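A.B. asks: Structure file entry39.csv (CSV, C-alpha atoms and all ligand atoms) is given on the next line.
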```csv
chain,number,residue,atom,x,y,z
K,25,MET,CA,0.0,0.0,0.0
K,26,ARG,CA,1.1,3.5,-0.4
K,27,ARG,CA,-0.8,6.2,1.4
K,28,LEU,CA,-0.2,9.5,-0.2
K,29,LEU,CA,0.6,11.4,3.0
K,30,VAL,CA,3.6,9.7,4.3
K,31,LEU,CA,5.2,10.9,7.5
K,32,THR,CA,8.7,10.0,6.4
K,33,THR,CA,10.2,13.1,8.1
K,34,LEU,CA,9.4,11.6,11.5
K,35,LEU,CA,12.0,8.9,11.0
K,36,ALA,CA,14.8,11.5,10.6
K,37,GLY,CA,14.6,12.3,14.3
K,38,LEU,CA,15.1,8.7,15.5
K,39,PRO,CA,18.3,8.1,17.6
K,40,LEU,CA,20.8,5.8,15.9
K,41,ALA,CA,21.5,4.1,19.2
K,42,LEU,CA,18.9,1.4,18.7
K,43,SER,CA,20.4,-1.9,19.7
K,44,ALA,CA,20.8,-4.7,17.1
K,45,HIS,CA,17.9,-7.1,17.4
K,46,ALA,CA,17.3,-10.0,15.0
K,47,GLU,CA,14.1,-11.9,15.0
K,48,GLY,CA,14.2,-15.7,14.9
K,49,THR,CA,13.4,-17.6,11.7
K,50,PHE,CA,9.7,-17.5,10.7
K,51,SER,CA,7.7,-20.2,12.4
K,52,PHE,CA,4.0,-20.6,11.5
K,53,ALA,CA,3.1,-22.0,15.0
K,54,THR,CA,4.7,-19.1,16.9
K,55,THR,CA,4.2,-16.1,14.6
K,56,PRO,CA,1.8,-13.6,16.2
K,57,GLY,CA,-1.9,-13.8,15.3
K,58,GLN,CA,-5.4,-13.9,16.8
K,59,LEU,CA,-6.9,-17.1,15.3
K,60,PRO,CA,-6.0,-20.6,16.6
K,61,LYS,CA,-3.5,-22.3,14.3
K,62,THR,CA,-5.0,-25.8,14.8
K,63,VAL,CA,-7.0,-25.5,11.5
K,64,VAL,CA,-5.2,-24.2,8.4
K,65,PRO,CA,-6.9,-23.4,5.1
K,66,THR,CA,-5.1,-24.5,2.0
K,67,ASP,CA,-7.6,-23.8,-0.9
K,68,TYR,CA,-10.7,-21.6,-1.2
K,69,ILE,CA,-13.4,-21.7,-3.9
K,70,ILE,CA,-15.5,-18.5,-3.5
K,71,ASP,CA,-18.7,-17.9,-5.4
K,72,LEU,CA,-20.2,-14.4,-5.1
K,73,THR,CA,-23.5,-13.1,-6.4
K,74,THR,CA,-23.6,-9.3,-6.4
K,75,ASP,CA,-26.6,-7.1,-6.4
K,76,MET,CA,-25.2,-3.7,-7.4
K,77,GLU,CA,-28.6,-2.0,-7.0
K,78,HIS,CA,-29.5,-3.2,-3.5
K,79,LEU,CA,-25.9,-3.5,-2.5
K,80,THR,CA,-26.1,-7.1,-1.2
K,81,LEU,CA,-23.7,-10.0,-1.6
K,82,GLN,CA,-24.6,-13.7,-1.5
K,83,GLY,CA,-21.7,-16.0,-0.9
K,84,ASP,CA,-21.1,-19.7,-1.3
K,85,GLU,CA,-17.6,-21.0,-0.4
K,86,ILE,CA,-15.8,-24.2,-0.1
K,87,ILE,CA,-12.6,-24.2,2.0
K,88,ARG,CA,-10.2,-27.1,2.1
K,89,VAL,CA,-8.6,-27.2,5.5
K,90,GLU,CA,-5.9,-29.2,7.3
K,91,VAL,CA,-6.8,-29.9,10.9
K,92,GLN,CA,-3.6,-30.3,12.9
K,93,SER,CA,-5.1,-31.7,16.1
K,94,PRO,CA,-8.7,-32.7,16.8
K,95,THR,CA,-11.0,-29.9,17.6
K,96,ALA,CA,-14.8,-29.4,18.0
K,97,ASP,CA,-14.4,-25.6,17.2
K,98,VAL,CA,-13.2,-24.0,14.0
K,99,THR,CA,-12.8,-20.3,14.4
K,100,LEU,CA,-12.3,-18.0,11.4
K,101,ASN,CA,-12.8,-14.3,10.6
K,102,GLN,CA,-15.9,-12.6,9.3
K,103,ALA,CA,-17.0,-9.0,9.6
K,104,GLY,CA,-20.5,-7.8,8.9
K,105,LEU,CA,-21.4,-11.1,7.2
K,106,LYS,CA,-24.3,-13.4,8.2
K,107,LEU,CA,-23.5,-17.1,8.0
K,108,ALA,CA,-26.6,-19.2,6.9
K,109,SER,CA,-25.0,-22.6,7.1
K,110,ALA,CA,-21.7,-24.5,7.4
K,111,LEU,CA,-21.2,-28.1,6.5
K,112,LEU,CA,-18.1,-30.3,7.2
K,113,ASP,CA,-17.2,-32.9,4.6
K,114,ASN,CA,-20.7,-32.6,3.1
K,115,SER,CA,-22.3,-34.2,6.1
K,116,GLN,CA,-21.8,-32.6,9.5
K,117,LYS,CA,-23.7,-29.4,10.2
K,118,ALA,CA,-22.0,-26.9,12.4
K,119,GLU,CA,-23.6,-24.8,15.0
K,120,ILE,CA,-22.8,-21.2,14.0
K,121,ARG,CA,-21.6,-18.9,16.8
K,122,GLN,CA,-20.8,-15.4,15.4
K,123,ASP,CA,-18.9,-12.9,17.5
K,124,ASP,CA,-19.3,-9.7,15.6
K,125,ALA,CA,-17.2,-7.6,18.0
K,126,ALA,CA,-14.2,-10.0,17.6
K,127,GLU,CA,-14.9,-10.2,13.8
K,128,THR,CA,-15.0,-14.0,14.0
K,129,VAL,CA,-17.3,-16.9,13.7
K,130,THR,CA,-16.9,-20.2,15.4
K,131,LEU,CA,-18.2,-23.4,13.8
K,132,HIS,CA,-19.0,-25.8,16.6
K,133,PHE,CA,-19.3,-29.5,15.9
K,134,PRO,CA,-21.0,-32.1,18.2
K,135,ALA,CA,-17.8,-34.2,18.1
K,136,PRO,CA,-14.2,-33.2,17.6
K,137,VAL,CA,-13.1,-32.9,13.9
K,138,PRO,CA,-10.3,-35.5,13.4
K,139,ALA,CA,-6.9,-34.4,12.3
K,140,GLY,CA,-6.4,-34.5,8.6
K,141,VAL,CA,-7.9,-32.9,5.4
K,142,HIS,CA,-11.5,-31.7,5.4
K,143,THR,CA,-13.8,-29.4,3.5
K,144,LEU,CA,-16.0,-26.7,4.9
K,145,ALA,CA,-18.9,-25.5,2.8
K,146,ILE,CA,-20.3,-22.2,4.0
K,147,LYS,CA,-23.3,-20.2,2.8
K,148,TYR,CA,-23.5,-16.5,3.8
K,149,SER,CA,-24.7,-13.1,2.9
K,150,GLY,CA,-23.5,-9.5,3.6
K,151,PRO,CA,-23.6,-6.0,2.4
K,152,ILE,CA,-21.6,-4.4,-0.4
K,153,LEU,CA,-20.4,-1.3,1.4
K,154,LYS,CA,-20.3,2.4,0.4
K,155,THR,CA,-17.2,3.1,2.4
K,156,PRO,CA,-13.8,2.1,0.8
K,157,ASN,CA,-13.0,-1.0,2.7
K,158,GLY,CA,-13.8,-4.7,2.1
K,159,ILE,CA,-16.0,-5.0,-0.9
K,160,TYR,CA,-17.6,-1.7,-1.8
K,161,ILE,CA,-19.1,0.5,-4.5
K,162,ASP,CA,-17.5,3.5,-6.1
K,163,ASP,CA,-20.0,5.8,-7.7
K,164,TYR,CA,-18.5,8.3,-10.2
K,165,THR,CA,-19.3,10.3,-13.3
K,166,ASP,CA,-17.9,8.9,-16.6
K,167,PRO,CA,-16.2,11.2,-19.2
K,168,ALA,CA,-19.6,11.6,-21.0
K,169,GLY,CA,-21.2,12.9,-17.7
K,170,LYS,CA,-23.1,9.7,-17.0
K,171,PRO,CA,-23.3,8.3,-13.4
K,172,LYS,CA,-21.5,5.0,-13.1
K,173,ARG,CA,-21.0,2.4,-10.4
K,174,MET,CA,-17.9,0.3,-10.0
K,175,LEU,CA,-17.3,-2.7,-7.7
K,176,VAL,CA,-14.0,-2.4,-5.8
K,177,THR,CA,-12.2,-4.3,-3.1
K,178,GLN,CA,-9.6,-3.1,-0.6
K,179,PHE,CA,-8.5,-5.6,2.0
K,180,GLU,CA,-5.2,-4.4,3.7
K,181,VAL,CA,-5.0,-4.6,6.6
K,182,ALA,CA,-7.9,-6.8,7.5
K,183,ASP,CA,-11.0,-6.4,5.4
K,184,ALA,CA,-11.0,-9.6,3.3
K,185,ARG,CA,-13.3,-10.8,6.1
K,186,ARG,CA,-15.9,-8.4,4.8
K,187,MET,CA,-16.1,-10.3,1.5
K,188,PHE,CA,-15.8,-13.9,2.6
K,189,PRO,CA,-15.4,-15.9,5.9
K,190,GLY,CA,-11.8,-17.0,6.1
K,191,TRP,CA,-8.5,-17.0,7.9
K,192,ASP,CA,-7.8,-13.3,7.4
K,193,GLU,CA,-4.2,-13.1,8.8
K,194,PRO,CA,-1.1,-12.9,6.6
K,195,ALA,CA,0.5,-16.2,7.8
K,196,PHE,CA,-2.5,-18.3,6.6
K,197,LYS,CA,-1.5,-18.4,2.9
K,198,ALA,CA,-3.8,-20.4,0.6
K,199,THR,CA,-5.0,-20.5,-3.0
K,200,TYR,CA,-8.2,-18.7,-4.0
K,201,GLN,CA,-10.4,-19.5,-6.9
K,202,LEU,CA,-12.9,-16.7,-7.3
K,203,ASN,CA,-16.2,-16.8,-9.2
K,204,VAL,CA,-18.5,-13.8,-9.3
K,205,THR,CA,-22.0,-13.0,-10.8
K,206,LEU,CA,-22.1,-9.4,-12.0
K,207,PRO,CA,-24.0,-7.0,-14.3
K,208,PHE,CA,-23.6,-8.3,-17.9
K,209,GLU,CA,-21.9,-5.2,-19.2
K,210,TYR,CA,-19.2,-5.0,-16.5
K,211,ALA,CA,-15.6,-5.8,-17.3
K,212,ALA,CA,-14.1,-7.8,-14.3
K,213,VAL,CA,-10.5,-8.1,-13.1
K,214,SER,CA,-9.1,-10.2,-10.3
K,215,ASN,CA,-5.6,-11.4,-9.5
K,216,MET,CA,-5.6,-14.1,-12.1
K,217,PRO,CA,-6.9,-14.4,-15.7
K,218,ILE,CA,-10.6,-15.1,-16.5
K,219,ILE,CA,-11.1,-18.8,-17.3
K,220,GLY,CA,-14.8,-18.7,-18.2
K,221,THR,CA,-17.8,-16.4,-18.5
K,222,THR,CA,-21.4,-17.7,-18.7
K,223,GLN,CA,-24.5,-15.6,-19.1
K,224,GLN,CA,-26.8,-16.1,-16.2
K,225,ASP,CA,-29.9,-14.2,-17.3
K,226,ALA,CA,-30.7,-11.2,-19.4
K,227,LYS,CA,-28.8,-8.9,-17.0
K,228,THR,CA,-26.1,-10.9,-15.4
K,229,LYS,CA,-23.1,-13.1,-16.1
K,230,ARG,CA,-20.9,-15.3,-14.0
K,231,VAL,CA,-17.1,-14.8,-14.4
K,232,SER,CA,-14.6,-17.4,-13.2
K,233,PHE,CA,-11.0,-16.7,-12.5
K,234,SER,CA,-8.1,-19.1,-12.5
K,235,PRO,CA,-6.9,-20.1,-9.0
K,236,THR,CA,-4.2,-17.9,-7.4
K,237,PRO,CA,-0.9,-19.2,-6.2
K,238,ARG,CA,-0.6,-19.5,-2.4
K,239,MET,CA,-0.9,-16.0,-0.9
K,240,SER,CA,-2.3,-14.0,2.0
K,241,SER,CA,-6.0,-13.1,2.1
K,242,TYR,CA,-5.3,-9.3,2.1
K,243,LEU,CA,-3.9,-9.5,-1.4
K,244,LEU,CA,-7.1,-10.8,-3.1
K,245,ALA,CA,-8.8,-8.3,-5.4
K,246,LEU,CA,-11.9,-7.9,-7.5
K,247,VAL,CA,-12.7,-4.8,-9.5
K,248,ALA,CA,-15.6,-4.6,-12.0
K,249,GLY,CA,-17.3,-1.9,-13.9
K,250,ASP,CA,-17.4,0.0,-17.2
K,251,MET,CA,-13.7,-0.2,-17.8
K,252,ALA,CA,-11.4,-0.4,-20.8
K,253,SER,CA,-7.7,-1.0,-21.0
K,254,VAL,CA,-4.5,-0.2,-22.9
K,255,ASP,CA,-2.5,-3.4,-23.3
K,256,GLY,CA,1.2,-4.2,-23.5
K,257,LYS,CA,3.8,-6.8,-22.6
K,258,ALA,CA,7.2,-7.1,-21.0
K,259,ASP,CA,9.4,-10.2,-20.6
K,260,GLY,CA,6.5,-12.4,-21.7
K,261,THR,CA,4.1,-11.0,-19.1
K,262,PRO,CA,0.9,-9.3,-20.5
K,263,ILE,CA,0.4,-5.9,-18.8
K,264,ARG,CA,-2.8,-3.9,-18.9
K,265,VAL,CA,-3.8,-0.6,-17.5
K,266,PHE,CA,-7.6,-0.2,-16.9
K,267,ALA,CA,-9.5,3.0,-16.5
K,268,PRO,CA,-13.1,4.1,-16.7
K,269,SER,CA,-14.1,3.6,-20.4
K,270,GLY,CA,-13.0,6.7,-22.4
K,271,LEU,CA,-10.0,7.4,-20.2
K,272,GLU,CA,-8.0,4.3,-21.0
K,273,ASN,CA,-5.5,6.1,-23.2
K,274,GLN,CA,-4.4,8.1,-20.2
K,275,GLY,CA,-3.0,4.8,-18.9
K,276,THR,CA,-0.4,4.8,-21.7
K,277,TYR,CA,2.3,6.5,-19.7
K,278,ALA,CA,1.9,4.1,-16.7
K,279,LEU,CA,1.9,1.1,-19.1
K,280,GLY,CA,5.2,2.3,-20.6
K,281,ALA,CA,6.6,2.7,-17.1
K,282,ALA,CA,5.5,-0.8,-16.1
K,283,GLU,CA,7.0,-2.3,-19.3
K,284,LYS,CA,10.4,-0.8,-18.3
K,285,ILE,CA,10.2,-1.7,-14.6
K,286,LEU,CA,9.1,-5.3,-14.9
K,287,PRO,CA,12.3,-6.6,-16.8
K,288,TYR,CA,14.4,-4.6,-14.3
K,289,TYR,CA,12.7,-6.2,-11.3
K,290,ASN,CA,12.8,-9.7,-12.9
K,291,ASP,CA,16.6,-9.3,-13.1
K,292,TYR,CA,17.0,-7.4,-9.7
K,293,PHE,CA,15.0,-10.0,-7.6
K,294,GLY,CA,16.4,-13.0,-9.5
K,295,ILE,CA,12.9,-14.5,-9.6
K,296,LYS,CA,10.7,-13.8,-12.6
K,297,TYR,CA,7.3,-12.2,-11.9
K,298,PRO,CA,5.4,-15.3,-11.0
K,299,LEU,CA,1.8,-14.6,-12.2
K,300,PRO,CA,0.5,-15.1,-15.8
K,301,LYS,CA,-0.5,-11.4,-16.1
K,302,MET,CA,-0.3,-8.0,-14.5
K,303,ASP,CA,-3.1,-5.6,-14.4
K,304,MET,CA,-3.1,-2.0,-13.0
K,305,LEU,CA,-6.5,-0.4,-12.3
K,306,ALA,CA,-7.4,3.3,-11.9
K,307,ILE,CA,-10.1,3.7,-9.3
K,308,PRO,CA,-11.9,7.0,-9.6
K,309,GLY,CA,-12.6,8.9,-6.4
K,310,ASN,CA,-13.7,6.5,-3.6
K,311,TYR,CA,-10.3,4.9,-2.9
K,312,GLN,CA,-8.5,5.9,0.3
K,313,ALA,CA,-5.6,3.5,0.2
K,314,GLY,CA,-3.8,5.6,-2.5
K,315,ALA,CA,-2.5,2.4,-4.1
K,316,MET,CA,-2.5,-1.3,-3.3
K,317,GLU,CA,-0.3,-4.1,-4.4
K,318,ASN,CA,-2.9,-6.8,-4.8
K,319,TRP,CA,-1.0,-9.6,-6.5
K,320,GLY,CA,-1.5,-9.3,-10.3
K,321,ALA,CA,-4.3,-6.7,-9.9
K,322,LEU,CA,-2.7,-3.5,-8.6
K,323,THR,CA,-5.1,-0.7,-7.7
K,324,TYR,CA,-4.4,3.0,-7.8
K,325,ILE,CA,-6.4,6.1,-7.1
K,326,ASP,CA,-6.9,7.5,-10.6
K,327,ASN,CA,-4.7,10.5,-10.3
K,328,VAL,CA,-1.6,8.5,-9.5
K,329,LEU,CA,-2.0,6.2,-12.6
K,330,LEU,CA,-3.6,8.3,-15.3
K,331,PHE,CA,-1.6,10.8,-17.3
K,332,ASP,CA,-3.2,13.3,-19.6
K,333,PRO,CA,-0.4,14.8,-21.8
K,334,LYS,CA,-2.5,18.0,-22.3
K,335,ASN,CA,-3.3,18.8,-18.7
K,336,SER,CA,-1.0,16.8,-16.4
K,337,THR,CA,2.1,18.2,-14.9
K,338,PRO,CA,5.7,16.8,-15.0
K,339,ARG,CA,5.3,16.2,-11.2
K,340,THR,CA,2.3,13.9,-12.0
K,341,ARG,CA,4.5,12.0,-14.4
K,342,GLU,CA,7.2,11.5,-11.7
K,343,LEU,CA,4.5,10.5,-9.1
K,344,ILE,CA,3.0,7.9,-11.4
K,345,TYR,CA,6.5,6.4,-12.1
K,346,GLU,CA,7.3,6.3,-8.4
K,347,VAL,CA,4.0,4.8,-7.2
K,348,VAL,CA,4.0,2.2,-10.1
K,349,ALA,CA,7.5,1.2,-9.2
K,350,HIS,CA,6.6,0.9,-5.5
K,351,GLU,CA,3.5,-1.2,-6.0
K,352,MET,CA,5.3,-3.4,-8.6
K,353,ALA,CA,8.2,-4.0,-6.1
K,354,HIS,CA,5.5,-5.3,-3.7
K,355,GLN,CA,4.8,-8.1,-6.1
K,356,TRP,CA,7.9,-9.6,-4.7
K,357,SER,CA,8.3,-7.8,-1.3
K,358,GLY,CA,4.9,-8.4,0.3
K,359,ASP,CA,3.1,-10.6,-2.2
K,360,LEU,CA,5.6,-13.4,-2.9
K,361,VAL,CA,7.4,-13.0,0.4
K,362,THR,CA,5.0,-11.7,3.2
K,363,MET,CA,5.5,-10.6,6.7
K,364,GLY,CA,4.2,-13.2,9.3
K,365,TRP,CA,2.3,-10.6,11.1
K,366,TRP,CA,1.4,-6.9,10.8
K,367,ASP,CA,4.2,-5.8,13.2
K,368,ASN,CA,6.6,-6.3,10.3
K,369,ILE,CA,4.7,-4.2,7.8
K,370,TRP,CA,7.4,-1.6,8.1
K,371,LEU,CA,9.8,-4.0,6.5
K,372,ASN,CA,7.4,-4.8,3.7
K,373,GLU,CA,6.9,-1.1,2.9
K,374,GLY,CA,10.6,-0.3,3.5
K,375,PHE,CA,11.8,-2.8,0.9
K,376,ALA,CA,9.1,-1.7,-1.6
K,377,SER,CA,10.2,2.0,-1.2
K,378,TRP,CA,13.9,1.0,-1.3
M,401,ZN,ZN,3.5,-0.1,-0.2
```
Can you present the structure in this file as structure tokens?
Ligand SMILES: [Zn+2]

C.D. replies:
Amino acid sequence: MRRLLVLTTLLAGLPLALSAHAEGTFSFATTPGQLPKTVVPTDYIIDLTTDMEHLTLQGDEIIRVEVQSPTADVTLNQAGLKLASALLDNSQKAEIRQDDAAETVTLHFPAPVPAGVHTLAIKYSGPILKTPNGIYIDDYTDPAGKPKRMLVTQFEVADARRMFPGWDEPAFKATYQLNVTLPFEYAAVSNMPIIGTTQQDAKTKRVSFSPTPRMSSYLLALVAGDMASVDGKADGTPIRVFAPSGLENQGTYALGAAEKILPYYNDYFGIKYPLPKMDMLAIPGNYQAGAMENWGALTYIDNVLLFDPKNSTPRTRELIYEVVAHEMAHQWSGDLVTMGWWDNIWLNEGFASW
């Protein structure tokens, strides 16, 4: 993430006498966190149905979990969601105990769930928010002066739990296969490429995305709306810059920057950008994070991604290059390699800025 008001000057006053202190090697069992580590998710299949008019979300998810030691209680995160049912291995129904203050739900089973691999099937509903966290709407006016509505997600630090029940802590890395039902005319972008689109009825379609690599929940992204892109490629990776339709050509400068930066980072990090595509999206207006490094679907407030040669200043060009370089660096520092807990976010951000 890059918030636009950064208090970097505060750091200049720190004394240099801080003693050397190295943390131990990462250990999943002992890294800080709030959820029990006895049940570990490995793969999610998430199916969302959006109602962009009434701002409601229906969800259906299947989570493959590994139970480390027998437990009758499975606790995961949710915020603002309402779980309708939860089924273990297609047979055992859970008693659902929501704790909305703690942003959790505990699935209680009559007998301990044995150690080993299991599936949880959860049905739930929730709101699509108007505030820019979790899954929310962004209402804006398009270049032709028409009111438009975009669907946006912003999950860092801990708002993935507003879109789906899950283990919403960075150490619980898993794969995510996302499916979403949307207005038919919307373009949809997530971390991974689209693998299928089916028309549902006269007004809606269901879009399926390829499963992500293992990653932290806060890096999942979904953006959909009346968008168009300018498309390029670097080192074999397709790169697209999306903007509200009609403004896509203002993404040309950022696209050119990304095409220069990607080969540089591939060489610098010594590991090639690991996803099959990279999309960058300009979010108009309702986007407080400034920019966010969602793996393969980087989001930016529109004025740090779009460049209008007629009206933008040289400073805007510098800012776009800087923010694009920062978010792209996070594709390695943050996304491929992630801090175990939020107390080390400084290192994640420090590396990306470096
Ligand atoms: Zn950052």

A.B. asks: Taking all atoms listed in the file into account, which residues are within 7 Å of ligand ZN 401 (chain M), as a PDB file with C-alpha atoms, in the frame of the given file?

C.D. replies:
```
ATOM      1  CA  MET K  25       0.000   0.000   0.000  1.00  0.00           C
ATOM      2  CA  ARG K  26       1.100   3.500  -0.400  1.00  0.00           C
ATOM      3  CA  MET K 316      -2.500  -1.300  -3.300  1.00  0.00           C
ATOM      4  CA  GLU K 317      -0.300  -4.100  -4.400  1.00  0.00           C
ATOM      5  CA  HIS K 350       6.600   0.900  -5.500  1.00  0.00           C
ATOM      6  CA  GLU K 351       3.500  -1.200  -6.000  1.00  0.00           C
ATOM      7  CA  HIS K 354       5.500  -5.300  -3.700  1.00  0.00           C
ATOM      8  CA  GLU K 373       6.900  -1.100   2.900  1.00  0.00           C
ATOM      9  CA  ALA K 376       9.100  -1.700  -1.600  1.00  0.00           C
TER      10      ALA K 376
END
```

A.B. asks: Using all atoms listed in the file, can you list as a PyMOL selection string the residues within 9 Å of (-9.1, -37.2, 11.5)?

C.D. replies: chain K and resi 91-94+136-142

A.B. asks: From the list K:Lys170, K:Val176, K:Gly190, K:Ile161, which residue is nearest K:Val89 when using all atoms listed in the file?

C.D. replies: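 Distance minimum relative to K:Val89 lands on K:Gly190.
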
A.B. asks: For K:Asp303, which residue among K:Leu329, K:Leu322, K:Leu144, K:Leu81 is the nearest when counting only C-alpha atoms?

C.D. replies: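 Ranking K:Leu329, K:Leu322, K:Leu144, K:Leu81 by distance to K:Asp303, first place goes to K:Leu322.
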
A.B. asks: As an exercise, work out the distance from atom CA of K:Asn368 to atom CA of K:Lys301 in Å and give it to one decimal place.

C.D. replies: 27.8 Å

A.B. asks: Which stretch 62-141 of chain K residues have any atom within 10 Å of an atom of stretch 213-234 of chain K, and for each, what is the nearest pair of atoms with distance in Å to one decimal, counting all atoms listed in the file, rows sorted by chain and number, as a Markdown table?

C.D. replies:
```
| residue | atom | partner | partner_atom | distance |
| --- | --- | --- | --- | --- |
| K:Ile70 | CA | K:Ser232 | CA | 9.8 |
| K:Asp71 | CA | K:Ser232 | CA | 8.8 |
| K:Leu72 | CA | K:Arg230 | CA | 9.0 |
| K:Thr73 | CA | K:Arg230 | CA | 8.3 |
| K:Thr74 | CA | K:Thr228 | CA | 9.5 |
| K:Asp75 | CA | K:Thr228 | CA | 9.8 |
```

A.B. asks: Of the residues K:Val347, K:Met304, K:Ala353, K:Leu107, which is the one nearest to K:Gly256, using all atoms listed in the file?

C.D. replies: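 Distance minimum relative to K:Gly256 lands on K:Met304.
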
A.B. asks: Let me make sure I understand: among K:Ala110, K:Gln102, K:Val247, K:Gly309, which one has the smallest atom-to-atom distance to K:Ala125 if we use all atoms listed in the file?

C.D. replies: K:Gln102

A.B. asks: Closest to K:Lys106 among K:Tyr200, K:Phe179, K:Phe188, K:Tyr297, using only C-alpha atoms?

C.D. replies: K:Phe188

A.B. asks: I'd like the contact shell of K:Asn114 - 8 Å cut-off, all atoms listed in the file, skipping same-chain residues fewer than 3 positions apart - returned as an mmCIF file with C-alpha atoms, in the frame of the given file.

C.D. replies:
```cif
data_model
loop_
_atom_site.group_PDB
_atom_site.id
_atom_site.type_symbol
_atom_site.label_atom_id
_atom_site.label_comp_id
_atom_site.auth_asym_id
_atom_site.auth_seq_id
_atom_site.Cartn_x
_atom_site.Cartn_y
_atom_site.Cartn_z
ATOM 1 C CA LEU K 111 -21.200 -28.100 6.500
ATOM 2 C CA THR K 143 -13.800 -29.400 3.500
ATOM 3 C CA LEU K 144 -16.000 -26.700 4.900
ATOM 4 C CA ALA K 145 -18.900 -25.500 2.800
#
```

A.B. asks: Atom CA of K:Pro167 and atom CA of K:Pro333 are how many Å apart?

C.D. replies: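 We find that atom CA of K:Pro167 and atom CA of K:Pro333 lie 16.4 Å from each other.
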
A.B. asks: For K:Asp259, find every residue with an atom within 9 Å (counting all atoms listed in the file), except residues of its own chain fewer than 5 positions away, and show them as a PyMOL selection string.

C.D. replies: chain K and resi 283+286-287+290+296

A.B. asks: From the list K:Tyr277, K:Trp319, K:Tyr160, K:Trp191, which residue is nearest K:Tyr68 when using only C-alpha atoms?

C.D. replies: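 Among the listed residues, the smallest separation from K:Tyr68 belongs to K:Trp191.
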
A.B. asks: May I have the residues within 10 Å of K:Ala96 as a list in words, using all atoms listed in the file and disregarding those fewer than 4 positions away in the same chain?

C.D. replies: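 Non-adjacent residues within range: Ala118, Thr130, Leu131, His132, Phe133, Pro134, Ala135, Pro136, Val137 and Pro138 of chain K.
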
A.B. asks: Just to confirm, what's the straight-line distance from atom CA of K:Lys147 to atom CA of K:Glu85 in Å (one decimal)?

C.D. replies: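 These atoms are spaced 6.6 Å apart.
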
A.B. asks: With a distance cut-off of 12 Å and all atoms listed in the file, select the neighbouring residues of K:Leu371, excluding the residue or stretch itself and same-chain residues fewer than 6 positions from it, and output the selection as a list in words.

C.D. replies: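 Selected residues are His354, Ser357, Gly358, Val361, Thr362, Met363, Gly364, Trp365, Ser377 and Trp378 of chain K.
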
A.B. asks: Quick one: write out the picked residues with C-alpha atoms as an mmCIF file, in the frame of the given file?

C.D. replies:
```cif
data_model
loop_
_atom_site.group_PDB
_atom_site.id
_atom_site.type_symbol
_atom_site.label_atom_id
_atom_site.label_comp_id
_atom_site.auth_asym_id
_atom_site.auth_seq_id
_atom_site.Cartn_x
_atom_site.Cartn_y
_atom_site.Cartn_z
ATOM 1 C CA HIS K 354 5.500 -5.300 -3.700
ATOM 2 C CA SER K 357 8.300 -7.800 -1.300
ATOM 3 C CA GLY K 358 4.900 -8.400 0.300
ATOM 4 C CA VAL K 361 7.400 -13.000 0.400
ATOM 5 C CA THR K 362 5.000 -11.700 3.200
ATOM 6 C CA MET K 363 5.500 -10.600 6.700
ATOM 7 C CA GLY K 364 4.200 -13.200 9.300
ATOM 8 C CA TRP K 365 2.300 -10.600 11.100
ATOM 9 C CA SER K 377 10.200 2.000 -1.200
ATOM 10 C CA TRP K 378 13.900 1.000 -1.300
#
```

A.B. asks: Env of K:Leu279: 9 Å cut, atoms = all atoms listed in the file, seq-sep filter 2 positions within chain, self excluded. Answer as a list of chain:residue names.

C.D. replies: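 Once the adjacent positions are removed, what remains is K:Val254, K:Asp255, K:Gly256, K:Lys257, K:Ile263, K:Arg264, K:Val265, K:Gly275, K:Thr276, K:Tyr277, K:Ala281, K:Ala282, K:Glu283, K:Lys284, K:Met304.
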